[in-house]
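Structure data follow from data-v8.pdb (PDB, C-alpha atoms, pLDDT in the B column):
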```pdb
ATOM      1  CA  MET A   3     -29.999 110.074 -26.196  1.00 84.00           C
ATOM      2  CA  ASP A   4     -30.502 107.297 -28.753  1.00 92.00           C
ATOM      3  CA  VAL A   5     -27.317 106.360 -30.651  1.00 92.00           C
ATOM      4  CA  TYR A   6     -28.938 106.990 -34.034  1.00 95.00           C
ATOM      5  CA  GLU A   7     -30.116 110.380 -32.821  1.00 93.00           C
ATOM      6  CA  ALA A   8     -26.603 111.262 -31.683  1.00 93.00           C
ATOM      7  CA  VAL A   9     -25.076 110.233 -35.012  1.00 94.00           C
ATOM      8  CA  THR A  10     -27.594 112.014 -37.220  1.00 93.00           C
ATOM      9  CA  GLY A  11     -27.778 115.026 -34.887  1.00 92.00           C
ATOM     10  CA  ARG A  12     -24.033 115.589 -34.845  1.00 95.00           C
ATOM     11  CA  ARG A  13     -22.866 118.247 -37.252  1.00 93.00           C
ATOM     12  CA  ALA A  14     -20.088 120.796 -37.495  1.00 94.00           C
ATOM     13  CA  VAL A  15     -21.555 123.776 -35.647  1.00 94.00           C
ATOM     14  CA  ARG A  16     -19.958 127.100 -36.529  1.00 93.00           C
ATOM     15  CA  ALA A  17     -21.713 129.408 -34.078  1.00 94.00           C
ATOM     16  CA  PHE A  18     -21.558 128.920 -30.311  1.00 96.00           C
ATOM     17  CA  GLY A  19     -22.922 130.832 -27.359  1.00 96.00           C
ATOM     18  CA  ASP A  20     -20.652 131.906 -24.513  1.00 93.00           C
ATOM     19  CA  ARG A  21     -22.310 129.659 -21.905  1.00 96.00           C
ATOM     20  CA  PRO A  22     -19.462 127.820 -20.141  1.00 97.00           C
ATOM     21  CA  VAL A  23     -19.073 124.066 -20.515  1.00 98.00           C
ATOM     22  CA  PRO A  24     -18.855 122.463 -17.046  1.00 97.00           C
ATOM     23  CA  GLU A  25     -15.494 120.808 -16.442  1.00 97.00           C
ATOM     24  CA  GLU A  26     -17.150 117.722 -14.992  1.00 98.00           C
ATOM     25  CA  VAL A  27     -19.022 117.229 -18.278  1.00 98.00           C
ATOM     26  CA  LEU A  28     -15.798 117.367 -20.280  1.00 98.00           C
ATOM     27  CA  GLU A  29     -14.170 114.931 -17.870  1.00 98.00           C
ATOM     28  CA  ARG A  30     -17.119 112.545 -18.163  1.00 98.00           C
ATOM     29  CA  VAL A  31     -17.063 112.702 -21.971  1.00 98.00           C
ATOM     30  CA  LEU A  32     -13.315 112.202 -22.278  1.00 98.00           C
ATOM     31  CA  SER A  33     -13.257 109.387 -19.708  1.00 98.00           C
ATOM     32  CA  ALA A  34     -15.884 107.497 -21.715  1.00 98.00           C
ATOM     33  CA  ALA A  35     -14.238 108.332 -25.067  1.00 98.00           C
ATOM     34  CA  ALA A  36     -11.090 106.544 -23.875  1.00 98.00           C
ATOM     35  CA  TRP A  37     -12.951 103.335 -24.701  1.00 98.00           C
ATOM     36  CA  ALA A  38     -12.815 104.150 -28.412  1.00 98.00           C
ATOM     37  CA  PRO A  39     -11.157 101.320 -30.383  1.00 98.00           C
ATOM     38  CA  SER A  40      -7.502 101.377 -31.374  1.00 98.00           C
ATOM     39  CA  GLY A  41      -5.250  98.749 -32.930  1.00 97.00           C
ATOM     40  CA  SER A  42      -3.447  96.714 -30.236  1.00 98.00           C
ATOM     41  CA  ASN A  43      -4.908  99.208 -27.731  1.00 98.00           C
ATOM     42  CA  LEU A  44      -2.215 101.805 -28.530  1.00 98.00           C
ATOM     43  CA  GLN A  45      -4.608 104.669 -27.703  1.00 98.00           C
ATOM     44  CA  PRO A  46      -2.469 107.018 -29.833  1.00 98.00           C
ATOM     45  CA  TRP A  47      -4.356 110.234 -29.145  1.00 98.00           C
ATOM     46  CA  HIS A  48      -3.057 113.020 -26.916  1.00 98.00           C
ATOM     47  CA  ALA A  49      -5.782 115.540 -26.102  1.00 98.00           C
ATOM     48  CA  TYR A  50      -5.316 119.011 -24.653  1.00 98.00           C
ATOM     49  CA  VAL A  51      -8.441 120.838 -23.492  1.00 98.00           C
ATOM     50  CA  LEU A  52      -8.511 124.627 -23.215  1.00 98.00           C
ATOM     51  CA  THR A  53     -11.100 126.816 -21.506  1.00 98.00           C
ATOM     52  CA  GLY A  54     -11.080 130.185 -19.777  1.00 97.00           C
ATOM     53  CA  ALA A  55      -7.941 132.313 -19.833  1.00 98.00           C
ATOM     54  CA  PRO A  56      -5.702 129.868 -21.776  1.00 98.00           C
ATOM     55  CA  LEU A  57      -8.232 129.604 -24.610  1.00 98.00           C
ATOM     56  CA  ALA A  58      -8.755 133.364 -24.605  1.00 98.00           C
ATOM     57  CA  GLU A  59      -4.993 133.849 -24.917  1.00 98.00           C
ATOM     58  CA  LEU A  60      -4.806 131.425 -27.828  1.00 98.00           C
ATOM     59  CA  LYS A  61      -7.618 133.225 -29.627  1.00 97.00           C
ATOM     60  CA  LYS A  62      -5.877 136.547 -28.975  1.00 97.00           C
ATOM     61  CA  ARG A  63      -2.557 135.357 -30.388  1.00 97.00           C
ATOM     62  CA  THR A  64      -4.034 133.813 -33.512  1.00 97.00           C
ATOM     63  CA  GLY A  65      -6.186 136.907 -34.000  1.00 95.00           C
ATOM     64  CA  GLU A  66      -3.081 139.076 -33.855  1.00 96.00           C
ATOM     65  CA  ARG A  67      -1.344 136.866 -36.420  1.00 95.00           C
ATOM     66  CA  LEU A  68      -4.319 137.078 -38.747  1.00 94.00           C
ATOM     67  CA  ALA A  69      -4.514 140.861 -38.368  1.00 93.00           C
ATOM     68  CA  ALA A  70      -0.799 141.175 -39.119  1.00 95.00           C
ATOM     69  CA  GLY A  71      -1.107 139.010 -42.216  1.00 92.00           C
ATOM     70  CA  ASP A  72       1.357 136.425 -40.890  1.00 94.00           C
ATOM     71  CA  PRO A  73       1.686 133.392 -43.152  1.00 94.00           C
ATOM     72  CA  TRP A  74       0.415 130.053 -41.930  1.00 95.00           C
ATOM     73  CA  ASP A  75       2.877 127.718 -40.249  1.00 97.00           C
ATOM     74  CA  GLU A  76       4.644 125.201 -42.457  1.00 96.00           C
ATOM     75  CA  PRO A  77       2.394 122.133 -42.834  1.00 95.00           C
ATOM     76  CA  GLU A  78       3.307 119.013 -40.911  1.00 96.00           C
ATOM     77  CA  TYR A  79       1.016 116.781 -42.947  1.00 95.00           C
ATOM     78  CA  GLU A  80      -0.935 116.978 -46.183  1.00 94.00           C
ATOM     79  CA  MET A  81      -4.601 117.749 -45.585  1.00 94.00           C
ATOM     80  CA  TYR A  82      -5.821 117.010 -49.104  1.00 92.00           C
ATOM     81  CA  PRO A  83      -4.243 115.686 -52.302  1.00 93.00           C
ATOM     82  CA  ALA A  84      -2.884 118.405 -54.565  1.00 90.00           C
ATOM     83  CA  ALA A  85      -5.432 117.399 -57.210  1.00 91.00           C
ATOM     84  CA  LEU A  86      -8.680 115.951 -55.894  1.00 92.00           C
ATOM     85  CA  GLU A  87     -10.294 113.511 -58.287  1.00 95.00           C
ATOM     86  CA  SER A  88     -14.001 112.841 -58.797  1.00 95.00           C
ATOM     87  CA  PRO A  89     -16.242 112.423 -56.830  1.00 93.00           C
ATOM     88  CA  TYR A  90     -14.280 114.104 -54.021  1.00 92.00           C
ATOM     89  CA  ARG A  91     -13.612 117.255 -56.025  1.00 92.00           C
ATOM     90  CA  GLU A  92     -17.335 117.784 -56.639  1.00 92.00           C
ATOM     91  CA  ARG A  93     -18.240 117.095 -53.024  1.00 91.00           C
ATOM     92  CA  ARG A  94     -15.704 119.628 -51.795  1.00 89.00           C
ATOM     93  CA  ALA A  95     -16.967 122.233 -54.254  1.00 88.00           C
ATOM     94  CA  ALA A  96     -20.564 121.608 -53.184  1.00 87.00           C
ATOM     95  CA  PHE A  97     -19.552 122.040 -49.561  1.00 87.00           C
ATOM     96  CA  GLY A  98     -17.933 125.410 -50.271  1.00 81.00           C
ATOM     97  CA  GLU A  99     -20.909 126.581 -52.292  1.00 82.00           C
ATOM     98  CA  GLN A 100     -23.387 125.647 -49.564  1.00 82.00           C
ATOM     99  CA  ARG A 101     -21.228 126.829 -46.675  1.00 75.00           C
ATOM    100  CA  TYR A 102     -20.509 130.298 -48.062  1.00 74.00           C
ATOM    101  CA  GLY A 103     -23.835 130.541 -49.833  1.00 69.00           C
ATOM    102  CA  SER A 104     -25.584 130.236 -46.462  1.00 69.00           C
ATOM    103  CA  LEU A 105     -23.573 133.283 -45.370  1.00 72.00           C
ATOM    104  CA  GLY A 106     -24.539 135.218 -48.484  1.00 72.00           C
ATOM    105  CA  ILE A 107     -20.982 135.185 -49.806  1.00 71.00           C
ATOM    106  CA  PRO A 108     -20.658 134.740 -53.586  1.00 73.00           C
ATOM    107  CA  ARG A 109     -18.017 132.403 -54.996  1.00 71.00           C
ATOM    108  CA  GLU A 110     -15.937 135.218 -56.464  1.00 70.00           C
ATOM    109  CA  ASP A 111     -15.689 137.198 -53.197  1.00 69.00           C
ATOM    110  CA  VAL A 112     -12.430 135.659 -51.993  1.00 68.00           C
ATOM    111  CA  GLU A 113     -11.846 138.297 -49.313  1.00 73.00           C
ATOM    112  CA  ALA A 114     -15.240 137.678 -47.696  1.00 68.00           C
ATOM    113  CA  ARG A 115     -14.603 133.942 -47.749  1.00 70.00           C
ATOM    114  CA  GLN A 116     -11.302 134.464 -45.992  1.00 74.00           C
ATOM    115  CA  ARG A 117     -12.967 136.595 -43.321  1.00 76.00           C
ATOM    116  CA  ALA A 118     -15.554 133.877 -42.750  1.00 73.00           C
ATOM    117  CA  ALA A 119     -12.850 131.211 -42.573  1.00 80.00           C
ATOM    118  CA  SER A 120     -10.962 133.240 -39.962  1.00 87.00           C
ATOM    119  CA  ALA A 121     -13.760 132.445 -37.492  1.00 89.00           C
ATOM    120  CA  ASN A 122     -12.125 129.016 -37.227  1.00 93.00           C
ATOM    121  CA  TRP A 123      -9.366 130.522 -35.107  1.00 95.00           C
ATOM    122  CA  ASP A 124     -11.856 132.099 -32.721  1.00 96.00           C
ATOM    123  CA  CYS A 125     -13.362 128.606 -32.290  1.00 97.00           C
ATOM    124  CA  PHE A 126     -16.578 130.119 -33.694  1.00 96.00           C
ATOM    125  CA  GLY A 127     -17.089 131.696 -30.282  1.00 97.00           C
ATOM    126  CA  ALA A 128     -16.952 128.368 -28.405  1.00 98.00           C
ATOM    127  CA  PRO A 129     -15.897 128.494 -24.741  1.00 98.00           C
ATOM    128  CA  ALA A 130     -13.959 125.216 -24.890  1.00 98.00           C
ATOM    129  CA  ALA A 131     -11.591 123.595 -27.354  1.00 98.00           C
ATOM    130  CA  LEU A 132      -9.820 120.267 -27.663  1.00 98.00           C
ATOM    131  CA  PHE A 133      -6.536 119.829 -29.534  1.00 98.00           C
ATOM    132  CA  CYS A 134      -5.644 116.339 -30.696  1.00 98.00           C
ATOM    133  CA  TYR A 135      -1.971 115.462 -31.099  1.00 98.00           C
ATOM    134  CA  LEU A 136      -0.337 112.330 -32.504  1.00 98.00           C
ATOM    135  CA  ASP A 137       3.141 110.927 -32.108  1.00 98.00           C
ATOM    136  CA  ARG A 138       5.236 111.668 -35.203  1.00 97.00           C
ATOM    137  CA  GLY A 139       6.515 108.091 -35.290  1.00 96.00           C
ATOM    138  CA  LEU A 140       3.099 106.475 -35.681  1.00 97.00           C
ATOM    139  CA  CYS A 141       1.551 105.173 -38.910  1.00 96.00           C
ATOM    140  CA  ARG A 142      -1.643 105.737 -40.873  1.00 95.00           C
ATOM    141  CA  PRO A 143      -3.697 103.171 -38.918  1.00 97.00           C
ATOM    142  CA  GLN A 144      -3.049 105.131 -35.726  1.00 97.00           C
ATOM    143  CA  TRP A 145      -4.354 108.283 -37.429  1.00 97.00           C
ATOM    144  CA  SER A 146      -7.481 106.267 -38.176  1.00 97.00           C
ATOM    145  CA  ASP A 147      -7.675 105.330 -34.499  1.00 98.00           C
ATOM    146  CA  ALA A 148      -7.541 109.026 -33.603  1.00 98.00           C
ATOM    147  CA  GLY A 149     -10.451 109.645 -35.960  1.00 98.00           C
ATOM    148  CA  MET A 150     -12.532 107.033 -34.160  1.00 98.00           C
ATOM    149  CA  TYR A 151     -11.625 108.630 -30.839  1.00 98.00           C
ATOM    150  CA  LEU A 152     -12.640 112.091 -32.033  1.00 98.00           C
ATOM    151  CA  GLN A 153     -15.934 110.793 -33.432  1.00 98.00           C
ATOM    152  CA  THR A 154     -16.633 109.131 -30.090  1.00 98.00           C
ATOM    153  CA  VAL A 155     -15.950 112.414 -28.310  1.00 98.00           C
ATOM    154  CA  MET A 156     -18.341 114.271 -30.616  1.00 98.00           C
ATOM    155  CA  LEU A 157     -21.145 111.729 -30.149  1.00 98.00           C
ATOM    156  CA  LEU A 158     -20.764 111.805 -26.379  1.00 98.00           C
ATOM    157  CA  LEU A 159     -20.903 115.603 -26.484  1.00 98.00           C
ATOM    158  CA  ARG A 160     -24.259 115.306 -28.239  1.00 97.00           C
ATOM    159  CA  ALA A 161     -25.463 113.043 -25.447  1.00 97.00           C
ATOM    160  CA  GLU A 162     -24.600 115.882 -23.058  1.00 97.00           C
ATOM    161  CA  GLY A 163     -26.538 118.434 -25.117  1.00 96.00           C
ATOM    162  CA  LEU A 164     -23.351 119.966 -26.523  1.00 98.00           C
ATOM    163  CA  HIS A 165     -22.166 120.531 -30.064  1.00 97.00           C
ATOM    164  CA  SER A 166     -18.725 120.558 -31.660  1.00 98.00           C
ATOM    165  CA  CYS A 167     -16.791 121.389 -34.791  1.00 97.00           C
ATOM    166  CA  PRO A 168     -13.666 119.410 -35.738  1.00 97.00           C
ATOM    167  CA  GLN A 169     -11.077 121.701 -37.341  1.00 97.00           C
ATOM    168  CA  MET A 170      -7.960 120.719 -39.237  1.00 96.00           C
ATOM    169  CA  ALA A 171      -7.625 124.479 -39.706  1.00 96.00           C
ATOM    170  CA  TRP A 172      -5.834 124.692 -36.375  1.00 97.00           C
ATOM    171  CA  ALA A 173      -2.894 122.781 -37.857  1.00 97.00           C
ATOM    172  CA  LYS A 174      -2.171 125.952 -39.841  1.00 96.00           C
ATOM    173  CA  PHE A 175      -1.302 127.665 -36.536  1.00 97.00           C
ATOM    174  CA  HIS A 176       0.315 124.700 -34.809  1.00 98.00           C
ATOM    175  CA  ARG A 177       3.192 126.809 -33.476  1.00 98.00           C
ATOM    176  CA  THR A 178       0.812 129.202 -31.746  1.00 98.00           C
ATOM    177  CA  VAL A 179      -1.174 126.345 -30.223  1.00 98.00           C
ATOM    178  CA  ALA A 180       2.096 124.826 -28.985  1.00 98.00           C
ATOM    179  CA  GLU A 181       2.949 128.110 -27.232  1.00 98.00           C
ATOM    180  CA  ILE A 182      -0.127 127.602 -25.064  1.00 98.00           C
ATOM    181  CA  VAL A 183      -0.280 123.822 -24.512  1.00 98.00           C
ATOM    182  CA  ALA A 184       3.489 123.096 -24.588  1.00 98.00           C
ATOM    183  CA  PRO A 185       3.321 119.573 -26.075  1.00 98.00           C
ATOM    184  CA  PRO A 186       6.413 117.335 -26.223  1.00 98.00           C
ATOM    185  CA  GLU A 187       8.432 117.811 -29.407  1.00 97.00           C
ATOM    186  CA  ARG A 188       7.573 114.305 -30.597  1.00 98.00           C
ATOM    187  CA  LEU A 189       3.894 115.237 -30.983  1.00 98.00           C
ATOM    188  CA  LEU A 190       2.278 116.983 -33.953  1.00 98.00           C
ATOM    189  CA  LEU A 191      -1.067 118.723 -34.006  1.00 98.00           C
ATOM    190  CA  PHE A 192      -3.656 116.817 -36.022  1.00 98.00           C
ATOM    191  CA  CYS A 193      -6.682 119.011 -35.412  1.00 98.00           C
ATOM    192  CA  GLY A 194      -8.637 121.143 -33.001  1.00 98.00           C
ATOM    193  CA  MET A 195     -12.271 120.840 -31.974  1.00 98.00           C
ATOM    194  CA  SER A 196     -14.530 123.661 -30.843  1.00 98.00           C
ATOM    195  CA  ILE A 197     -16.949 122.621 -28.085  1.00 98.00           C
ATOM    196  CA  GLY A 198     -19.920 124.396 -26.592  1.00 98.00           C
ATOM    197  CA  PHE A 199     -23.635 125.110 -26.647  1.00 97.00           C
ATOM    198  CA  GLU A 200     -24.970 126.058 -30.063  1.00 96.00           C
ATOM    199  CA  ASP A 201     -26.054 129.607 -30.781  1.00 93.00           C
ATOM    200  CA  THR A 202     -29.567 128.746 -31.934  1.00 88.00           C
ATOM    201  CA  ALA A 203     -30.047 132.195 -33.483  1.00 85.00           C
ATOM    202  CA  ALA A 204     -27.317 131.524 -36.060  1.00 83.00           C
ATOM    203  CA  ASP A 205     -27.655 129.754 -39.399  1.00 77.00           C
ATOM    204  CA  ARG A 206     -28.309 126.034 -38.857  1.00 76.00           C
ATOM    205  CA  SER A 207     -28.084 124.757 -42.423  1.00 77.00           C
ATOM    206  CA  ARG A 208     -26.562 121.320 -42.788  1.00 82.00           C
ATOM    207  CA  ILE A 209     -24.327 119.841 -45.474  1.00 85.00           C
ATOM    208  CA  GLY A 210     -25.899 116.781 -47.092  1.00 87.00           C
ATOM    209  CA  ARG A 211     -24.424 113.339 -47.601  1.00 92.00           C
ATOM    210  CA  ALA A 212     -23.917 111.189 -50.686  1.00 92.00           C
ATOM    211  CA  PRO A 213     -26.591 108.569 -51.431  1.00 94.00           C
ATOM    212  CA  LEU A 214     -25.848 105.179 -49.885  1.00 94.00           C
ATOM    213  CA  GLY A 215     -25.224 103.636 -53.295  1.00 94.00           C
ATOM    214  CA  GLU A 216     -22.275 105.969 -53.916  1.00 94.00           C
ATOM    215  CA  THR A 217     -20.322 104.875 -50.854  1.00 95.00           C
ATOM    216  CA  VAL A 218     -21.556 101.382 -49.930  1.00 95.00           C
ATOM    217  CA  THR A 219     -21.559  98.158 -51.961  1.00 95.00           C
ATOM    218  CA  PHE A 220     -23.461  95.147 -50.646  1.00 95.00           C
ATOM    219  CA  VAL A 221     -21.857  91.906 -51.820  1.00 96.00           C
ATOM    220  CA  GLU A 222     -24.516  89.220 -51.597  1.00 91.00           C
ATOM    221  CA  ALA A 223     -24.762  85.550 -52.458  1.00 80.00           C
TER     222      ALA A 223
END
```

If you took the structure in this file and wrote it as structure tokens, what would it be?
Amino acid sequence: MDVYEAVTGRRAVRAFGDRPVPEEVLERVLSAAAWAPSGSNLQPWHAYVLTGAPLAELKKRTGERLAAGDPWDEPEYEMYPAALESPYRERRAAFGEQRYGSLGIPREDVEARQRAASANWDCFGAPAALFCYLDRGLCRPQWSDAGMYLQTVMLLLRAEGLHSCPQMAWAKFHRTVAEIVAPPERLLLFCGMSIGFEDTAADRSRIGRAPLGETVTFVEA
């Protein structure tokens, strides 16, 4: 697959079929993704991959917590500023409007939005999931390194005909994830990633991007 095709074809898929992802494909993707750049070659990411019974158990436990109305786990990092400023505030609002609008959920129907969001913790039906952890003692640049690693993983998945959905939402149930993967105490959960073959019968709408002029400035002689 052409690199440009992989980049523009990657999107957060929120509906997967139950076709298993071959383990050798995941191993090939993650072996190649290890070449993602990182400052001083720290390679700060710690990835845990779940399939089969362990993933089913995780989905079961989070589903039970949701059904019981359990509160989310205490946050270990701030996902967004308390008050988003422009243009980020407008972009986030547009995302919500398009995302829930595609599901036929009006803005004022908070309960329906919550039900739709709960699909995060079923991995949108995906048969494989990756959980990315970072050492608590690392700094912001290493978080950036992890982002480059995760993007590399997602592009390589596209090359294999697979799709993905990165999910900070899993950090809200970091204790439940830890029950399954048993990470060392020094690690914190940054995000999860659902992985699988797209359910082509589901909605395939895509969130747009800002015009180049809003995010890029060319400084020329």

Quick one: residues within 12 Å of Arg63 in chain A, only C-alpha atoms, excluding same-chain residues fewer than 3 positions away - as an NGL selection string? :A and (56-60 or 66-70 or 72 or 123-124 or 175-182)

Answer as a PyMOL selection string, residues within 9 Å of (0.9, 124.5, -39.1) using only C-alpha atoms: chain A and resi 74-79+171-178+191

Nearest residue to Ser207 in chain A out of A:Arg21, A:Arg101, A:Arg91, A:Arg115, using all atoms listed in the file?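 For Ser207 in chain A, the nearest of the given residues is A:Arg101.
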
Nearest residue to Met156 in chain A from the set A:Thr64, A:Gln116, A:Asn43, A:Thr10 (distances using all atoms listed in the file):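 For Met156 in chain A, the nearest of the candidates is A:Thr10.
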
For the structure shown, which residues end up in the PyMOL selection byres ((chain A and resi 51) around 9)? Put them as number ranges by chain, please? A: 28, 49-50, 52-53, 57, 130-134, 183

8 Å contact set for Gly127 in chain A, all atoms listed in the file, chain neighbours under 6 positions out, as a count of residues only: 5

Could you tell me how far CA of Pro143 in chain A lies from CA of Pro83 in chain A, in Å and to one decimal?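 The value is 18.3 Å.
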
Atomic distance CA of Leu159 in chain A - CA of Ala34 in chain A, expressed in Å with one decimal: 10.7 Å
